[in-house]
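Chemist: Provided herewith: structure_8.cif, mmCIF, C-alpha atoms.
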data_upload
#
loop_
_atom_site.label_atom_id
_atom_site.label_comp_id
_atom_site.auth_asym_id
_atom_site.auth_seq_id
_atom_site.Cartn_x
_atom_site.Cartn_y
_atom_site.Cartn_z
CA MET A 1 5.66 -6.98 26.78
CA MET A 2 4.81 -4.12 24.40
CA PRO A 3 3.65 -0.60 25.41
CA SER A 4 -0.06 -0.30 24.61
CA ARG A 5 0.43 2.83 22.50
CA LEU A 6 2.95 0.92 20.36
CA GLU A 7 0.36 -1.85 19.89
CA ASP A 8 -2.22 0.81 18.95
CA LEU A 9 0.16 2.34 16.41
CA ILE A 10 0.91 -1.05 14.80
CA ALA A 11 -2.84 -1.76 14.57
CA ALA A 12 -3.56 1.70 13.11
CA LEU A 13 -0.84 1.39 10.44
CA ARG A 14 -2.71 -1.61 9.04
CA CYS A 15 -5.35 0.73 7.57
CA LEU A 16 -2.78 1.47 4.84
CA PRO A 17 -3.27 -0.64 1.70
CA GLY A 18 -0.78 -3.49 1.35
CA VAL A 19 0.46 -3.23 4.94
CA GLY A 20 0.21 -6.46 6.94
CA PRO A 21 1.17 -7.15 10.58
CA LYS A 22 4.90 -7.57 9.86
CA SER A 23 5.31 -4.37 7.80
CA ALA A 24 3.18 -2.42 10.29
CA GLN A 25 5.57 -3.50 13.05
CA ARG A 26 8.60 -2.58 10.95
CA MET A 27 7.11 0.84 10.15
CA ALA A 28 6.29 1.55 13.81
CA TYR A 29 9.81 0.58 14.94
CA HIS A 30 11.37 2.67 12.18
CA LEU A 31 9.32 5.77 13.03
CA LEU A 32 9.93 5.53 16.79
CA GLN A 33 13.58 4.65 16.42
CA ARG A 34 14.72 6.86 13.55
CA ASP A 35 12.10 9.37 12.46
CA ARG A 36 9.90 10.82 15.21
CA ASP A 37 9.72 14.17 13.42
CA GLY A 38 8.48 12.38 10.30
CA ALA A 39 5.87 10.54 12.37
CA LEU A 40 4.54 13.79 13.86
CA ALA A 41 4.51 15.45 10.43
CA LEU A 42 2.60 12.46 9.04
CA ALA A 43 0.07 12.68 11.90
CA HIS A 44 -0.58 16.35 11.12
CA ALA A 45 -0.74 15.80 7.33
CA LEU A 46 -3.26 12.97 7.81
CA GLU A 47 -5.45 15.10 10.02
CA ALA A 48 -5.29 18.18 7.75
CA ALA A 49 -6.06 16.13 4.63
CA THR A 50 -8.92 14.16 6.23
CA VAL A 51 -10.58 17.30 7.55
CA ASN A 52 -10.07 19.59 4.54
CA ILE A 53 -10.11 17.50 1.37
CA LYS A 54 -13.53 16.95 -0.19
CA HIS A 55 -14.63 16.03 -3.71
CA CYS A 56 -15.14 18.72 -6.37
CA ASP A 57 -18.87 19.13 -7.09
CA LYS A 58 -18.21 19.16 -10.83
CA CYS A 59 -15.47 16.64 -11.62
CA ASN A 60 -15.45 14.51 -8.43
CA ASN A 61 -11.67 14.92 -8.10
CA PHE A 62 -10.15 15.63 -4.68
CA SER A 63 -10.40 19.34 -3.88
CA GLU A 64 -10.22 21.70 -0.94
CA GLU A 65 -12.90 23.91 -2.50
CA GLU A 66 -16.50 23.16 -3.53
CA VAL A 67 -15.47 23.48 -7.19
CA CYS A 68 -11.81 22.82 -8.04
CA ALA A 69 -9.50 25.23 -9.88
CA LEU A 70 -9.65 23.25 -13.13
CA CYS A 71 -13.47 23.18 -13.22
CA SER A 72 -13.81 26.89 -12.45
CA SER A 73 -11.15 27.92 -15.01
CA PRO A 74 -12.67 29.94 -17.93
CA LYS A 75 -9.88 28.69 -20.21
CA ARG A 76 -11.12 25.09 -20.46
CA ASP A 77 -13.27 23.77 -23.31
CA ARG A 78 -16.67 22.85 -21.87
CA SER A 79 -17.70 20.90 -24.99
CA LEU A 80 -15.34 18.03 -24.09
CA LEU A 81 -15.74 15.85 -20.99
CA CYS A 82 -13.03 13.26 -20.35
CA VAL A 83 -13.82 10.37 -17.96
CA VAL A 84 -10.82 8.90 -16.10
CA GLU A 85 -10.56 6.35 -13.32
CA MET A 86 -8.23 8.05 -10.82
CA PRO A 87 -6.76 11.50 -10.03
CA ALA A 88 -3.37 10.15 -11.19
CA ASP A 89 -4.87 9.56 -14.66
CA LEU A 90 -6.06 13.17 -14.80
CA LEU A 91 -2.52 14.29 -13.91
CA MET A 92 -1.11 12.15 -16.74
CA MET A 93 -3.59 13.70 -19.20
CA GLU A 94 -2.60 17.18 -18.09
CA GLN A 95 1.10 16.36 -18.32
CA ALA A 96 0.60 15.13 -21.90
CA GLN A 97 -0.72 18.64 -22.71
CA CYS A 98 -3.03 17.20 -25.35
CA TYR A 99 -6.37 18.11 -23.85
CA ARG A 100 -8.01 21.36 -22.74
CA GLY A 101 -11.52 20.10 -21.90
CA MET A 102 -13.23 19.20 -18.64
CA TYR A 103 -12.92 15.98 -16.58
CA PHE A 104 -14.93 13.56 -14.55
CA VAL A 105 -12.95 11.36 -12.14
CA LEU A 106 -14.72 8.07 -11.33
CA MET A 107 -12.47 7.38 -8.31
CA GLY A 108 -12.44 3.73 -9.27
CA ARG A 109 -13.86 1.38 -11.88
CA LEU A 110 -16.78 -1.00 -12.05
CA SER A 111 -15.75 -4.05 -10.08
CA PRO A 112 -18.75 -6.11 -8.95
CA LEU A 113 -16.56 -8.56 -7.02
CA ASP A 114 -15.33 -5.69 -4.82
CA GLY A 115 -18.88 -4.35 -4.45
CA ILE A 116 -18.21 -1.34 -6.68
CA GLY A 117 -21.19 -0.77 -8.97
CA ALA A 118 -22.77 2.17 -10.79
CA LYS A 119 -23.97 3.72 -7.52
CA GLU A 120 -20.55 3.68 -5.82
CA LEU A 121 -19.02 5.45 -8.85
CA HIS A 122 -21.71 8.21 -8.83
CA LEU A 123 -22.52 7.52 -12.49
CA ASP A 124 -25.85 9.40 -12.11
CA ARG A 125 -23.78 12.53 -11.40
CA LEU A 126 -21.71 11.88 -14.52
CA VAL A 127 -24.85 11.57 -16.68
CA ARG A 128 -26.30 14.78 -15.19
CA ARG A 129 -22.99 16.51 -15.87
CA ALA A 130 -22.93 15.31 -19.50
CA LEU A 131 -26.48 16.58 -20.11
CA GLU A 132 -25.82 19.95 -18.45
CA TYR A 133 -24.04 21.32 -21.51
CA PRO A 134 -23.82 19.84 -25.04
CA CYS A 135 -20.56 17.92 -25.08
CA GLU A 136 -18.65 14.89 -26.32
CA VAL A 137 -17.72 12.42 -23.60
CA ILE A 138 -14.25 10.90 -24.08
CA LEU A 139 -13.84 7.62 -22.20
CA ALA A 140 -10.25 7.39 -20.95
CA THR A 141 -10.54 4.50 -18.49
CA ASN A 142 -7.67 1.99 -18.51
CA PHE A 143 -7.44 -0.75 -21.14
CA THR A 144 -7.76 -3.44 -18.47
CA VAL A 145 -10.68 -5.87 -18.23
CA GLU A 146 -12.36 -3.73 -15.59
CA GLY A 147 -11.56 -0.44 -17.33
CA ASP A 148 -12.94 -1.74 -20.63
CA ALA A 149 -16.09 -3.02 -18.93
CA THR A 150 -16.56 0.39 -17.28
CA ALA A 151 -16.12 2.16 -20.65
CA HIS A 152 -18.62 -0.21 -22.30
CA TYR A 153 -21.18 0.35 -19.54
CA LEU A 154 -20.73 4.13 -19.66
CA ALA A 155 -21.02 4.22 -23.47
CA THR A 156 -24.36 2.36 -23.36
CA LEU A 157 -25.65 4.56 -20.56
CA LEU A 158 -24.67 7.86 -22.20
CA GLN A 159 -25.74 6.91 -25.73
CA SER A 160 -29.21 6.09 -24.42
CA GLN A 161 -29.35 9.78 -23.47
CA ASP A 162 -28.16 10.84 -26.94
CA VAL A 163 -24.75 11.95 -25.72
CA LYS A 164 -21.87 11.65 -28.22
CA VAL A 165 -19.32 9.20 -26.78
CA SER A 166 -15.77 8.31 -27.89
CA ARG A 167 -13.00 6.10 -26.52
CA ILE A 168 -9.28 6.97 -26.60
CA ALA A 169 -7.37 4.95 -29.22
CA ARG A 170 -5.71 1.62 -28.59
CA GLY A 171 -2.68 0.60 -30.66
CA LEU A 172 1.10 0.61 -30.78
CA PRO A 173 2.85 3.17 -28.57
CA VAL A 174 4.70 6.08 -30.19
CA GLY A 175 8.16 4.78 -31.10
CA GLY A 176 6.86 1.21 -30.78
CA GLU A 177 8.27 -1.57 -32.94
CA LEU A 178 6.17 -4.48 -34.19
CA GLU A 179 8.87 -6.91 -33.12
CA GLN A 180 8.61 -5.85 -29.50
CA VAL A 181 4.91 -5.21 -28.97
CA ASP A 182 2.69 -7.91 -27.41
CA SER A 183 0.41 -9.82 -29.77
CA GLY A 184 -2.81 -8.59 -28.12
CA THR A 185 -1.90 -4.97 -28.80
CA LEU A 186 -0.82 -5.77 -32.36
CA ALA A 187 -4.10 -7.63 -33.03
CA GLN A 188 -6.08 -4.64 -31.74
CA ALA A 189 -4.00 -2.24 -33.84
CA VAL A 190 -4.82 -4.25 -36.98
CA LEU A 191 -8.50 -4.54 -36.04
CA GLU A 192 -8.81 -0.81 -35.33
CA ARG A 193 -6.73 0.32 -38.34
CA ARG A 194 -7.59 3.72 -39.82
CA GLU A 195 -8.01 4.54 -43.48
CA VAL A 196 -5.18 6.72 -44.75
CA SER A 197 -6.60 9.71 -46.55
CA ALA A 198 -4.93 10.49 -49.87
CA MET B 199 -3.95 20.24 -10.26
CA MET B 200 -3.69 18.62 -6.81
CA PRO B 201 -4.89 20.15 -3.51
CA SER B 202 -1.83 21.21 -1.51
CA ARG B 203 -2.89 19.22 1.56
CA LEU B 204 -3.03 16.09 -0.61
CA GLU B 205 0.49 16.83 -1.85
CA ASP B 206 1.60 17.30 1.77
CA LEU B 207 0.04 13.97 2.76
CA ILE B 208 1.75 12.11 -0.10
CA ALA B 209 5.09 13.68 0.86
CA ALA B 210 4.59 12.84 4.56
CA LEU B 211 3.72 9.19 3.84
CA ARG B 212 7.17 8.76 2.31
CA CYS B 213 8.72 8.80 5.80
CA LEU B 214 7.48 5.20 6.09
CA PRO B 215 10.17 2.63 5.22
CA GLY B 216 9.75 1.04 1.77
CA VAL B 217 7.19 3.62 0.61
CA GLY B 218 8.11 5.41 -2.63
CA PRO B 219 6.20 8.12 -4.54
CA LYS B 220 3.79 5.70 -6.25
CA SER B 221 2.81 3.78 -3.11
CA ALA B 222 2.49 7.02 -1.14
CA GLN B 223 0.03 8.29 -3.74
CA ARG B 224 -1.92 5.02 -3.69
CA MET B 225 -2.06 5.12 0.13
CA ALA B 226 -3.27 8.74 0.19
CA TYR B 227 -6.01 8.04 -2.39
CA HIS B 228 -7.09 4.92 -0.52
CA LEU B 229 -7.33 6.71 2.82
CA LEU B 230 -9.23 9.72 1.44
CA GLN B 231 -11.49 7.62 -0.75
CA ARG B 232 -12.28 4.64 1.43
CA ASP B 233 -10.99 4.98 4.99
CA ARG B 234 -11.07 8.48 6.47
CA ASP B 235 -11.82 7.07 9.95
CA GLY B 236 -8.74 4.89 9.66
CA ALA B 237 -6.66 7.91 8.60
CA LEU B 238 -7.79 9.93 11.63
CA ALA B 239 -7.17 6.97 13.96
CA LEU B 240 -3.68 6.59 12.46
CA ALA B 241 -2.99 10.32 12.99
CA HIS B 242 -3.92 10.04 16.66
CA ALA B 243 -1.98 6.79 17.18
CA LEU B 244 1.14 8.34 15.61
CA GLU B 245 0.91 11.40 17.83
CA ALA B 246 0.23 9.41 21.02
CA ALA B 247 3.10 7.00 20.31
CA THR B 248 5.59 9.71 19.36
CA VAL B 249 4.84 11.76 22.47
CA ASN B 250 4.59 8.92 25.01
CA ILE B 251 6.93 6.13 23.98
CA LYS B 252 10.49 6.40 25.28
CA HIS B 253 13.25 3.84 25.79
CA CYS B 254 13.48 1.85 29.03
CA ASP B 255 16.47 3.04 31.09
CA LYS B 256 17.52 -0.55 31.77
CA CYS B 257 16.90 -2.63 28.64
CA ASN B 258 16.58 0.10 25.96
CA ASN B 259 13.30 -1.45 24.72
CA PHE B 260 10.36 0.84 23.86
CA SER B 261 8.47 1.73 27.04
CA GLU B 262 5.99 4.28 28.29
CA GLU B 263 7.68 4.27 31.73
CA GLU B 264 11.25 5.08 32.80
CA VAL B 265 11.83 1.40 33.57
CA CYS B 266 9.67 -1.12 31.74
CA ALA B 267 7.49 -3.79 33.37
CA LEU B 268 9.91 -6.60 32.51
CA CYS B 269 12.95 -4.83 34.01
CA SER B 270 11.13 -3.91 37.21
CA SER B 271 9.67 -7.39 37.69
CA PRO B 272 11.13 -9.15 40.78
CA LYS B 273 10.49 -12.56 39.16
CA ARG B 274 13.27 -12.24 36.55
CA ASP B 275 16.74 -13.71 36.97
CA ARG B 276 19.23 -10.83 37.16
CA SER B 277 22.24 -13.12 36.63
CA LEU B 278 21.39 -13.54 32.93
CA LEU B 279 21.43 -10.68 30.39
CA CYS B 280 20.27 -11.50 26.86
CA VAL B 281 21.27 -9.10 24.03
CA VAL B 282 18.85 -8.99 21.08
CA GLU B 283 18.70 -6.73 18.01
CA MET B 284 15.04 -5.65 17.96
CA PRO B 285 11.94 -5.61 20.21
CA ALA B 286 10.42 -8.30 17.95
CA ASP B 287 13.32 -10.61 18.89
CA LEU B 288 12.59 -10.06 22.59
CA LEU B 289 8.94 -10.99 21.94
CA MET B 290 10.04 -14.21 20.19
CA MET B 291 12.29 -15.10 23.15
CA GLU B 292 9.41 -14.53 25.58
CA GLN B 293 7.02 -16.56 23.43
CA ALA B 294 9.50 -19.47 23.41
CA GLN B 295 9.20 -19.45 27.24
CA CYS B 296 12.77 -20.67 27.56
CA TYR B 297 14.29 -17.69 29.33
CA ARG B 298 13.58 -15.85 32.59
CA GLY B 299 16.53 -13.43 32.65
CA MET B 300 16.90 -9.77 31.74
CA TYR B 301 17.33 -8.20 28.29
CA PHE B 302 19.20 -5.51 26.44
CA VAL B 303 17.68 -4.42 23.11
CA LEU B 304 20.27 -2.94 20.73
CA MET B 305 17.59 -1.42 18.44
CA GLY B 306 19.68 -2.35 15.44
CA ARG B 307 22.98 -4.01 14.59
CA LEU B 308 26.46 -2.80 13.71
CA SER B 309 26.26 -1.66 10.13
CA PRO B 310 29.10 0.73 9.25
CA LEU B 311 27.75 1.28 5.72
CA ASP B 312 24.50 2.70 7.18
CA GLY B 313 26.47 4.78 9.69
CA ILE B 314 25.47 2.60 12.65
CA GLY B 315 28.47 2.07 14.90
CA ALA B 316 29.11 1.32 18.58
CA LYS B 317 27.93 4.79 19.62
CA GLU B 318 24.57 4.61 17.81
CA LEU B 319 23.81 1.26 19.50
CA HIS B 320 24.60 2.66 22.99
CA LEU B 321 27.07 -0.15 23.64
CA ASP B 322 28.59 1.85 26.52
CA ARG B 323 25.22 1.54 28.31
CA LEU B 324 25.23 -2.22 27.66
CA VAL B 325 28.72 -2.57 29.19
CA ARG B 326 27.70 -0.50 32.22
CA ARG B 327 24.58 -2.65 32.58
CA ALA B 328 26.63 -5.88 32.41
CA LEU B 329 29.04 -4.65 35.11
CA GLU B 330 26.24 -3.45 37.43
CA TYR B 331 25.48 -6.96 38.65
CA PRO B 332 27.49 -10.17 38.17
CA CYS B 333 25.91 -11.84 35.17
CA GLU B 334 26.37 -13.94 32.05
CA VAL B 335 25.69 -12.06 28.82
CA ILE B 336 23.90 -14.23 26.21
CA LEU B 337 24.36 -12.86 22.68
CA ALA B 338 21.14 -13.53 20.71
CA THR B 339 21.71 -11.32 17.67
CA ASN B 340 20.68 -12.79 14.31
CA PHE B 341 22.90 -15.28 12.46
CA THR B 342 23.30 -12.86 9.56
CA VAL B 343 26.60 -11.29 8.52
CA GLU B 344 25.80 -8.10 10.44
CA GLY B 345 24.33 -9.92 13.45
CA ASP B 346 27.41 -12.16 13.67
CA ALA B 347 29.75 -9.17 13.39
CA THR B 348 27.81 -7.42 16.16
CA ALA B 349 28.04 -10.52 18.38
CA HIS B 350 31.79 -10.81 17.72
CA TYR B 351 32.37 -7.13 18.55
CA LEU B 352 30.28 -7.37 21.73
CA ALA B 353 32.06 -10.55 22.86
CA THR B 354 35.49 -8.88 22.53
CA LEU B 355 34.27 -5.74 24.29
CA LEU B 356 32.63 -7.56 27.20
CA GLN B 357 35.39 -10.16 27.69
CA SER B 358 37.92 -7.33 28.03
CA GLN B 359 35.89 -6.32 31.10
CA ASP B 360 35.93 -9.91 32.42
CA VAL B 361 32.25 -10.50 31.75
CA LYS B 362 31.20 -14.09 30.94
CA VAL B 363 29.79 -14.15 27.41
CA SER B 364 27.91 -16.86 25.47
CA ARG B 365 26.23 -17.09 22.09
CA ILE B 366 22.97 -18.96 21.38
CA ALA B 367 23.53 -22.24 19.47
CA ARG B 368 23.59 -22.57 15.73
CA GLY B 369 22.59 -25.88 14.11
CA LEU B 370 19.72 -27.86 12.66
CA PRO B 371 16.24 -26.71 13.68
CA VAL B 372 14.11 -28.97 15.87
CA GLY B 373 12.39 -31.48 13.54
CA GLY B 374 14.99 -30.64 10.87
CA GLU B 375 16.11 -33.27 8.37
CA LEU B 376 19.63 -33.42 6.97
CA GLU B 377 18.24 -33.81 3.47
CA GLN B 378 16.42 -30.49 3.61
CA VAL B 379 18.79 -28.24 5.55
CA ASP B 380 21.09 -25.85 3.65
CA SER B 381 24.74 -26.84 3.47
CA GLY B 382 25.96 -23.78 5.46
CA THR B 383 23.83 -24.74 8.45
CA LEU B 384 24.88 -28.40 8.18
CA ALA B 385 28.56 -27.43 8.03
CA GLN B 386 28.16 -25.27 11.15
CA ALA B 387 26.30 -28.06 12.93
CA VAL B 388 29.20 -30.45 12.28
CA LEU B 389 31.79 -27.84 13.27
CA GLU B 390 29.98 -27.00 16.51
CA ARG B 391 29.12 -30.61 17.40
CA ARG B 392 28.79 -31.45 21.08
CA GLU B 393 30.26 -34.43 22.86
CA VAL B 394 27.63 -36.92 23.93
CA SER B 395 28.11 -37.82 27.58
CA ALA B 396 27.83 -41.52 28.33
#
Please lay out the structure from this file as structure tokens.

Modeler:
Amino acid sequence: MMPSRLEDLIAALRCLPGVGPKSAQRMAYHLLQRDRDGALALAHALEAATVNIKHCDKCNNFSEEEVCALCSSPKRDRSLLCVVEMPADLLMMEQAQCYRGMYFVLMGRLSPLDGIGAKELHLDRLVRRALEYPCEVILATNFTVEGDATAHYLATLLQSQDVKVSRIARGLPVGGELEQVDSGTLAQAVLERREVSA
Amino acid sequence: MMPSRLEDLIAALRCLPGVGPKSAQRMAYHLLQRDRDGALALAHALEAATVNIKHCDKCNNFSEEEVCALCSSPKRDRSLLCVVEMPADLLMMEQAQCYRGMYFVLMGRLSPLDGIGAKELHLDRLVRRALEYPCEVILATNFTVEGDATAHYLATLLQSQDVKVSRIARGLPVGGELEQVDSGTLAQAVLERREVSA
């Protein structure tokens, strides 16, 4: 009933995360019916990205070169190494314009249930990187259960090699009101209170 | 900060329906990080489908040939022409194994707000098709506001050309209980009641 190449396309679309059989069908119909130019452009973009995008040797972020522009920039502070989970987190850090050091992108978080352990996250490369040059490692993984567990694991691992390790602060957001913040955040903010210097 | 081919890929993924900037980014990361084979297969499937899949000259369904297998089959009853909105509806009809006639796939429904009128749905081709051979046109568009409006418009158009037109029945589903059905369906079932022959 259905052309075989349409069946192939519906099957191939299911490699996208969160796309089941019904959405794959809807996407295929939409592309063939209303956006064939978009479909061709997507095909070419997929091919170009798959062939050309590797991981930066230094920070593990996506890059078209061996070493990415950020890692080869002479303007960055090599005594700071910030560990983030995903490239999007690195972008957020850069947009905040609060940090001029180097990065290491884990491309994930420790998640034993999904089969993601220390080896999958290339943590040996991170340790080698941290020992390469005397630096402070700033753990900027998410404040989720998995992100916290990853930070804890990394802290233990790096401290055993005498690397200075810090974790970004947890507390109320800027402009946050006590009345509106969730109780977990408030409890942490009290627990991690800082002494006010005179 | 981001390789240009990665930016291109994220932009291209947004041609998919229901995919915004955040999901496009998540999809691109997932493909590059965990499923490069899937990404290449998707690129090839998109290209093959876009180049090879056309619309059947007879029924307007997706087809790799001028006239699809169903329309060229000698086993189908040419005196019945069923109008459906989408290829998925045709598949459902075939799976129900209740119908051996021909089809016309609108590839949409009348939806003036989205700029889809009689011309976009190729209704002139449907009328020509209905006049080609003496037949009954069975309207099997959805029982939504837009599907009903499309059926009403088609009925008026086809009856003005003296074509016999019918609409599939609305009522309680098979196995349906009065207690559980919504009141709109129940009201329609009473309104469209059929006389029981002795």

Chemist: Write down, as number ranges by chain, each residue of chain B that has any atom within 7 Å of an atom of chain A, counting all atoms listed in the file.

Modeler: B: 201, 203-204, 206-207, 210-211, 213-215, 225, 230, 234, 236-248, 261-262

Chemist: For Met102 in chain A, find every residue with an atom within 10 Å (counting all atoms listed in the file), except residues of its own chain fewer than 5 positions away, and show them as a PyMOL selection string.

Modeler: chain A and resi 58-59+70-73+76-83+135+137-138

Chemist: Enter the distance from CA of Leu106 in chain A to CA of Arg167 in chain A, in Å, rounded to one decimal.

Modeler: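 CA of Leu106 in chain A sits 15.4 Å away from CA of Arg167 in chain A.
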
Chemist: Would you write out, as number ranges by chain, every residue that the PyMOL selection byres ((chain A and resi 118) around 12) captures in this file?

Modeler: A: 106-112, 115-117, 119-127, 149-151, 153-154, 157

Chemist: CA of Gln188 in chain A and CA of Leu172 in chain A are how many Å apart?

Modeler: 8.9 Å

Chemist: Go through A:Met92, A:Phe104, A:Arg193, A:Glu85 one by one, measure the shortest atom-to-atom distance of each to Cys56 in chain A using all atoms listed in the file, and give the residue with the smallest value.

Modeler: A:Phe104

Chemist: Expressed in Å to a single decimal, how great is the separation between CA of Leu384 in chain B and CA of Arg368 in chain B?

Modeler: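 Result for CA of Leu384 in chain B versus CA of Arg368 in chain B: 9.6 Å, one decimal.
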
Chemist: Enumerate, as a list in words, the residues matched when the PyMOL selection byres ((chain B and resi 361) around 10) is run on the file above.

Modeler: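 Residues picked by the PyMOL selection byres ((chain B and resi 361) around 10): Val325, Ala328, Leu329, Pro332, Cys333, Glu334, Val335, Ala353, Thr354, Leu355, Leu356, Gln357, Ser358, Gln359, Asp360, Lys362, Val363 and Ser364 of chain B.
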
Chemist: If the box runs along x, y and z of the file and leaves 6 Å on each side of range 46-63 of chain A, what are its centre and edge lengths in Å, one decimal, as lines of an AutoDock Vina configuration file?

Modeler:
center_x = -11.1
center_y = 16.3
center_z = -0.8
size_x = 27.6
size_y = 18.6
size_z = 33.6

Chemist: Write out as a list in words the residues lying within 12 Å of Thr185 in chain A, counting only C-alpha atoms and excluding same-chain residues fewer than 6 positions away.

Modeler: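 Here the answer would be Phe143, Thr144, Ala169, Arg170, Gly171, Leu172, Pro173, Gly176, Glu177, Leu178, Glu179, Leu191, Glu192 and Arg193 of chain A.
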
Chemist: For Thr339 in chain B, which of B:Val303, B:Cys296, B:Val282, B:Val372 is the closest residue, counting all atoms listed in the file?

Modeler: B:Val282

Chemist: Export range 202-215 of chain B of the preceding structure, keeping N, CA, C and O atoms, as a PDB file, in the first residue's frame.

Modeler:
ATOM      1  N   SER B 202      30.130  25.452  12.364  1.00  0.00           N
ATOM      2  CA  SER B 202      29.063  25.970  11.501  1.00  0.00           C
ATOM      3  C   SER B 202      28.183  24.844  10.955  1.00  0.00           C
ATOM      4  O   SER B 202      26.988  25.024  10.768  1.00  0.00           O
ATOM      5  N   ARG B 203      28.792  23.659  10.720  1.00  0.00           N
ATOM      6  CA  ARG B 203      27.974  22.560  10.184  1.00  0.00           C
ATOM      7  C   ARG B 203      26.991  22.035  11.225  1.00  0.00           C
ATOM      8  O   ARG B 203      25.952  21.492  10.886  1.00  0.00           O
ATOM      9  N   LEU B 204      27.331  22.212  12.501  1.00  0.00           N
ATOM     10  CA  LEU B 204      26.398  21.836  13.571  1.00  0.00           C
ATOM     11  C   LEU B 204      25.243  22.840  13.613  1.00  0.00           C
ATOM     12  O   LEU B 204      24.076  22.457  13.725  1.00  0.00           O
ATOM     13  N   GLU B 205      25.584  24.118  13.465  1.00  0.00           N
ATOM     14  CA  GLU B 205      24.532  25.150  13.389  1.00  0.00           C
ATOM     15  C   GLU B 205      23.602  24.878  12.205  1.00  0.00           C
ATOM     16  O   GLU B 205      22.383  24.973  12.332  1.00  0.00           O
ATOM     17  N   ASP B 206      24.199  24.528  11.049  1.00  0.00           N
ATOM     18  CA  ASP B 206      23.393  24.226   9.859  1.00  0.00           C
ATOM     19  C   ASP B 206      22.452  23.064  10.133  1.00  0.00           C
ATOM     20  O   ASP B 206      21.278  23.088   9.738  1.00  0.00           O
ATOM     21  N   LEU B 207      22.977  22.023  10.797  1.00  0.00           N
ATOM     22  CA  LEU B 207      22.165  20.832  11.058  1.00  0.00           C
ATOM     23  C   LEU B 207      20.990  21.176  11.962  1.00  0.00           C
ATOM     24  O   LEU B 207      19.846  20.781  11.705  1.00  0.00           O
ATOM     25  N   ILE B 208      21.270  21.973  13.024  1.00  0.00           N
ATOM     26  CA  ILE B 208      20.192  22.354  13.952  1.00  0.00           C
ATOM     27  C   ILE B 208      19.131  23.164  13.212  1.00  0.00           C
ATOM     28  O   ILE B 208      17.933  22.937  13.367  1.00  0.00           O
ATOM     29  N   ALA B 209      19.581  24.079  12.337  1.00  0.00           N
ATOM     30  CA  ALA B 209      18.620  24.879  11.561  1.00  0.00           C
ATOM     31  C   ALA B 209      17.803  23.980  10.637  1.00  0.00           C
ATOM     32  O   ALA B 209      16.579  24.129  10.525  1.00  0.00           O
ATOM     33  N   ALA B 210      18.469  23.009   9.985  1.00  0.00           N
ATOM     34  CA  ALA B 210      17.778  22.150   9.013  1.00  0.00           C
ATOM     35  C   ALA B 210      16.756  21.250   9.694  1.00  0.00           C
ATOM     36  O   ALA B 210      15.697  20.970   9.127  1.00  0.00           O
ATOM     37  N   LEU B 211      17.055  20.795  10.922  1.00  0.00           N
ATOM     38  CA  LEU B 211      16.132  19.900  11.628  1.00  0.00           C
ATOM     39  C   LEU B 211      14.805  20.594  11.930  1.00  0.00           C
ATOM     40  O   LEU B 211      13.787  19.932  12.149  1.00  0.00           O
ATOM     41  N   ARG B 212      14.818  21.939  11.943  1.00  0.00           N
ATOM     42  CA  ARG B 212      13.591  22.655  12.269  1.00  0.00           C
ATOM     43  C   ARG B 212      12.556  22.591  11.156  1.00  0.00           C
ATOM     44  O   ARG B 212      11.428  23.053  11.331  1.00  0.00           O
ATOM     45  N   CYS B 213      12.901  22.024   9.996  1.00  0.00           N
ATOM     46  CA  CYS B 213      11.877  21.847   8.959  1.00  0.00           C
ATOM     47  C   CYS B 213      10.904  20.740   9.363  1.00  0.00           C
ATOM     48  O   CYS B 213       9.834  20.615   8.772  1.00  0.00           O
ATOM     49  N   LEU B 214      11.263  19.925  10.359  1.00  0.00           N
ATOM     50  CA  LEU B 214      10.359  18.865  10.802  1.00  0.00           C
ATOM     51  C   LEU B 214       9.220  19.474  11.618  1.00  0.00           C
ATOM     52  O   LEU B 214       9.449  20.380  12.418  1.00  0.00           O
ATOM     53  N   PRO B 215       7.983  18.979  11.429  1.00  0.00           N
ATOM     54  CA  PRO B 215       6.853  19.580  12.142  1.00  0.00           C
ATOM     55  C   PRO B 215       6.968  19.331  13.645  1.00  0.00           C
ATOM     56  O   PRO B 215       7.326  18.235  14.075  1.00  0.00           O
TER      57      PRO B 215
END
